[in-house]
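Shown next: work02.txt, containing compact mmCIF, C-alpha atoms.
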# COMPACT_ATOMS: atom_id res chain seq x y z
CA MET O 7 25.20 -14.56 28.16
CA LYS O 8 24.16 -11.35 29.79
CA SER O 9 21.06 -9.78 28.48
CA GLN O 10 21.49 -6.13 27.70
CA LYS O 11 18.94 -3.65 28.91
CA PRO O 12 17.02 -2.10 26.08
CA ARG O 13 18.39 1.41 25.63
CA ILE O 14 16.13 4.35 25.11
CA ASP O 15 16.99 5.96 21.81
CA ILE O 16 16.11 9.63 22.26
CA ILE O 17 17.43 10.66 18.86
CA ASN O 18 15.23 8.11 17.10
CA GLU O 19 12.19 9.18 19.15
CA VAL O 20 12.78 12.86 18.36
CA LEU O 21 13.24 12.02 14.68
CA GLU O 22 9.97 10.08 14.61
CA GLU O 23 8.09 12.92 16.30
CA CYS O 24 9.59 15.39 13.85
CA ILE O 25 8.47 13.21 10.95
CA LEU O 26 4.93 13.24 12.36
CA ALA O 27 5.05 17.01 12.80
CA TYR O 28 6.77 17.73 9.44
CA PRO O 29 5.79 14.85 7.09
CA VAL O 30 7.04 16.56 3.91
CA SER O 31 10.33 17.92 5.27
CA SER O 32 13.11 16.44 3.15
CA PHE O 33 15.66 17.48 5.79
CA ILE O 34 14.00 15.42 8.54
CA ILE O 35 13.46 12.46 6.22
CA SER O 36 17.10 12.47 5.13
CA LEU O 37 18.25 12.67 8.77
CA TYR O 38 15.98 9.77 9.67
CA GLN O 39 17.27 7.63 6.78
CA ARG O 40 20.88 8.43 7.65
CA TYR O 41 20.28 7.61 11.30
CA GLN O 42 18.70 4.27 10.37
CA LYS O 43 21.62 3.37 8.07
CA MET O 44 24.59 4.72 10.03
CA GLY O 45 23.29 4.70 13.58
CA SER O 46 24.51 8.23 14.31
CA LEU O 47 24.36 11.83 13.20
CA SER O 48 26.99 14.55 13.18
CA LYS O 49 26.90 17.44 15.61
CA LYS O 50 25.65 19.88 12.98
CA GLN O 51 22.92 17.47 11.91
CA LEU O 52 21.84 17.06 15.52
CA GLN O 53 21.78 20.84 15.93
CA GLY O 54 19.50 21.10 12.89
CA LEU O 55 17.28 18.38 14.35
CA TYR O 56 17.16 20.24 17.67
CA ASP O 57 16.13 23.46 15.90
CA LYS O 58 13.28 21.66 14.11
CA ALA O 59 12.22 19.74 17.22
CA SER O 60 12.16 22.85 19.41
CA ARG O 61 9.36 24.24 17.20
CA ILE O 62 7.07 21.27 17.96
CA GLU O 63 4.60 22.27 20.67
CA ASN O 64 3.70 18.88 22.16
CA LEU O 65 7.26 17.47 22.30
CA ALA O 66 8.34 16.53 25.82
CA PRO O 67 10.93 19.03 27.15
CA ASN O 68 12.99 16.23 28.69
CA LYS O 69 13.64 14.80 25.21
CA LEU O 70 14.82 18.19 24.02
CA GLY O 71 17.05 18.49 27.09
CA THR O 72 18.54 15.06 26.48
CA LEU O 73 19.14 15.90 22.81
CA GLU O 74 20.82 19.16 23.84
CA ALA O 75 23.05 17.27 26.31
CA ILE O 76 24.06 14.83 23.56
CA ILE O 77 24.94 17.75 21.30
CA LYS O 78 27.01 19.49 23.99
CA ARG O 79 28.87 16.28 24.76
CA MET O 80 29.99 15.86 21.14
CA PRO O 81 33.34 17.40 20.14
CA THR O 82 33.35 20.52 18.02
CA ARG O 83 35.52 20.21 14.93
CA TYR O 84 37.40 23.27 13.78
CA LYS O 85 39.05 23.67 10.42
CA SER O 86 42.52 25.13 10.54
CA GLU O 87 43.31 28.17 8.46
CA LYS O 88 44.87 27.57 5.09
CA PRO O 89 48.54 28.49 4.94
CA GLU O 90 49.53 31.44 2.80
CA THR O 91 50.46 30.43 -0.70
CA LYS O 92 54.06 31.08 -1.61
CA PRO O 93 55.54 30.88 -5.07
CA MET O 94 57.51 27.71 -5.62
CA PHE O 95 60.52 29.65 -6.81
CA GLU O 96 61.57 33.15 -5.83
CA LYS O 97 63.87 34.98 -8.18
CA ASP O 98 67.28 35.81 -6.81
CA ILE O 99 67.88 39.46 -7.67
CA SER O 100 71.64 39.07 -7.61
CA THR O 101 71.41 36.33 -10.26
CA GLY O 102 69.34 38.61 -12.50
CA LYS O 103 71.88 41.41 -12.08
CA LEU O 104 74.71 39.00 -12.87
CA ILE O 105 73.00 37.90 -16.08
CA ASP O 106 72.35 41.53 -17.11
CA ASP O 107 75.98 42.47 -16.45
CA ILE O 108 77.25 39.63 -18.63
CA LEU O 109 74.79 40.44 -21.42
CA ALA O 110 75.89 44.08 -21.33
CA VAL O 111 79.36 42.97 -22.42
CA TYR O 112 78.34 39.95 -24.57
CA PRO O 113 74.76 40.59 -25.79
CA GLN O 114 74.68 37.49 -28.05
CA HIS O 115 76.17 34.97 -25.57
CA LYS O 116 74.02 31.89 -26.20
CA SER O 117 74.58 30.15 -22.85
CA VAL O 118 73.78 33.30 -20.90
CA LEU O 119 70.71 33.97 -23.07
CA PHE O 120 69.52 30.43 -22.33
CA LEU O 121 70.08 30.92 -18.59
CA LYS O 122 68.27 34.28 -18.76
CA ALA O 123 65.26 32.60 -20.37
CA LYS O 124 65.32 29.95 -17.68
CA TYR O 125 65.60 32.64 -14.98
CA GLU O 126 62.67 34.63 -16.42
CA ASN O 127 60.51 31.48 -16.54
CA ASN O 128 61.02 31.04 -12.79
CA GLU O 129 63.01 27.85 -13.22
CA PRO O 130 65.70 27.29 -10.58
CA LEU O 131 69.27 27.43 -11.79
CA SER O 132 71.48 24.51 -10.83
CA PRO O 133 74.75 25.07 -8.93
CA SER O 134 76.75 24.22 -12.08
CA GLU O 135 74.78 26.86 -14.05
CA MET O 136 75.47 29.40 -11.30
CA GLY O 137 79.17 28.46 -11.52
CA ASP O 138 79.06 29.04 -15.27
CA LEU O 139 77.54 32.49 -14.71
CA GLN O 140 80.29 33.36 -12.23
CA ARG O 141 82.93 32.19 -14.72
CA PHE O 142 81.32 34.24 -17.53
CA LYS O 143 81.26 37.27 -15.24
CA ARG O 144 84.99 36.93 -14.50
CA MET O 145 85.68 36.59 -18.23
CA SER O 146 83.63 39.71 -19.00
CA GLU O 147 85.50 41.67 -16.31
CA ILE O 148 88.85 40.55 -17.76
CA SER O 149 87.79 41.60 -21.29
CA ASN O 150 86.61 44.99 -19.92
CA GLN O 151 90.01 45.52 -18.34
CA LYS O 152 91.80 44.68 -21.58
CA LYS O 153 89.55 47.04 -23.57
CA SER O 154 90.17 49.91 -21.15
CA GLN O 155 93.97 49.49 -21.33
Take the structure I supplied and represent it as structure tokens, if you would.
Amino acid sequence: MKSQKPRIDIINEVLEECILAYPVSSFIISLYQRYQKMGSLSKKQLQGLYDKASRIENLAPNKLGTLEAIIKRMPTRYKSEKPETKPMFEKDISTGKLIDDILAVYPQHKSVLFLKAKYENNEPLSPSEMGDLQRFKRMSEISNQKKSQ
């Protein structure tokens, strides 16, 4: 078996020096605990650590430089914009006009009143219901022609 070289863990060293400099900082303590459990920190967490560590006077600048290089090497995650919300159902104006035309001739037509209620509640009308409306419209036009004669 090959023996691995012991790696220098700059993040752990910077965390330990920050704990010595800020012993009551809950932010540094939580970062340290997370790093011990998970073995890594996110880019934003590392940026927060860098901000705290840059305020320490006796911290070696090469450690800060290494930490900055680690941060720059990490990918930046961007959230995409949320799509615009659209209503699930858009009312068809021609269907509303068709219903109104039929109800002008037959104001108490139960099927058309039911379809009007469905239309006003933004429920989609099935193709068979649209066919019924077309048929009712033709019937109302025929009755209008008979009345006018």
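Near Asn18 of chain O, within 10 Å and counting only C-alpha atoms, sit Glu23, Cys24, Leu37, Tyr38, Tyr41, Gln42, Gly45 and Ser46 of chain O, not including residues fewer than 5 positions from it in the same chain.
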Atom-to-atom span, atom CA of Met145 of chain O and atom CA of Pro133 of chain O, Å:
18.4 Å
Within 8 Å of segment 58-70 of chain O, counting only C-alpha atoms, which residues show up once you throw out same-chain ones fewer than 3 positions away? Write them as a PyMOL selection string, please.
chain O and resi 16+20+23-24+27+54-55+73-74
Would you list the contacts of segment 101-108 of chain O as a PDB file with C-alpha atoms, in the coordinates of the input, taking every protein, DNA or RNA residue within 8 Å and counting only C-alpha atoms, but skipping same-chain residues closer than 2 positions in sequence?
ATOM      1  CA  LYS O  97      63.870  34.980  -8.180  1.00  0.00           C
ATOM      2  CA  ASP O  98      67.280  35.810  -6.810  1.00  0.00           C
ATOM      3  CA  ILE O  99      67.880  39.460  -7.670  1.00  0.00           C
ATOM      4  CA  ALA O 110      75.890  44.080 -21.330  1.00  0.00           C
ATOM      5  CA  VAL O 111      79.360  42.970 -22.420  1.00  0.00           C
ATOM      6  CA  TYR O 112      78.340  39.950 -24.570  1.00  0.00           C
ATOM      7  CA  PRO O 113      74.760  40.590 -25.790  1.00  0.00           C
ATOM      8  CA  VAL O 118      73.780  33.300 -20.900  1.00  0.00           C
ATOM      9  CA  LEU O 121      70.080  30.920 -18.590  1.00  0.00           C
ATOM     10  CA  LYS O 122      68.270  34.280 -18.760  1.00  0.00           C
ATOM     11  CA  TYR O 125      65.600  32.640 -14.980  1.00  0.00           C
ATOM     12  CA  LEU O 139      77.540  32.490 -14.710  1.00  0.00           C
ATOM     13  CA  GLN O 140      80.290  33.360 -12.230  1.00  0.00           C
ATOM     14  CA  PHE O 142      81.320  34.240 -17.530  1.00  0.00           C
ATOM     15  CA  LYS O 143      81.260  37.270 -15.240  1.00  0.00           C
ATOM     16  CA  SER O 146      83.630  39.710 -19.000  1.00  0.00           C
TER      17      SER O 146
END
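Distance-wise, atom CA of Lys92 of chain O and atom CA of Met136 of chain O end up 23.6 Å apart.
The residue that comes closest to Ile76 of chain O, out of O:Ile148, O:Ala123, O:Leu52, O:Val30 and on the basis of only C-alpha atoms, is O:Leu52.
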Take the point (26.5, 17.6, 18.7) in the file's coordinates, draw a sphere of radius 8 Å around it, and report as a ChimeraX atom specification every protein, DNA or RNA residue with an atom inside or on it, counting all atoms listed in the file.
/O:48-53,74,76-82
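For the pair atom CA of Ala75 of chain O and atom CA of Ile34 of chain O, the interatomic distance is 20.0 Å.
Among the candidate residues O:Pro29, O:Ile17, O:Thr91, O:Gln39, the one lying nearest to Tyr56 of chain O is O:Ile17, with distances computed using all atoms listed in the file.
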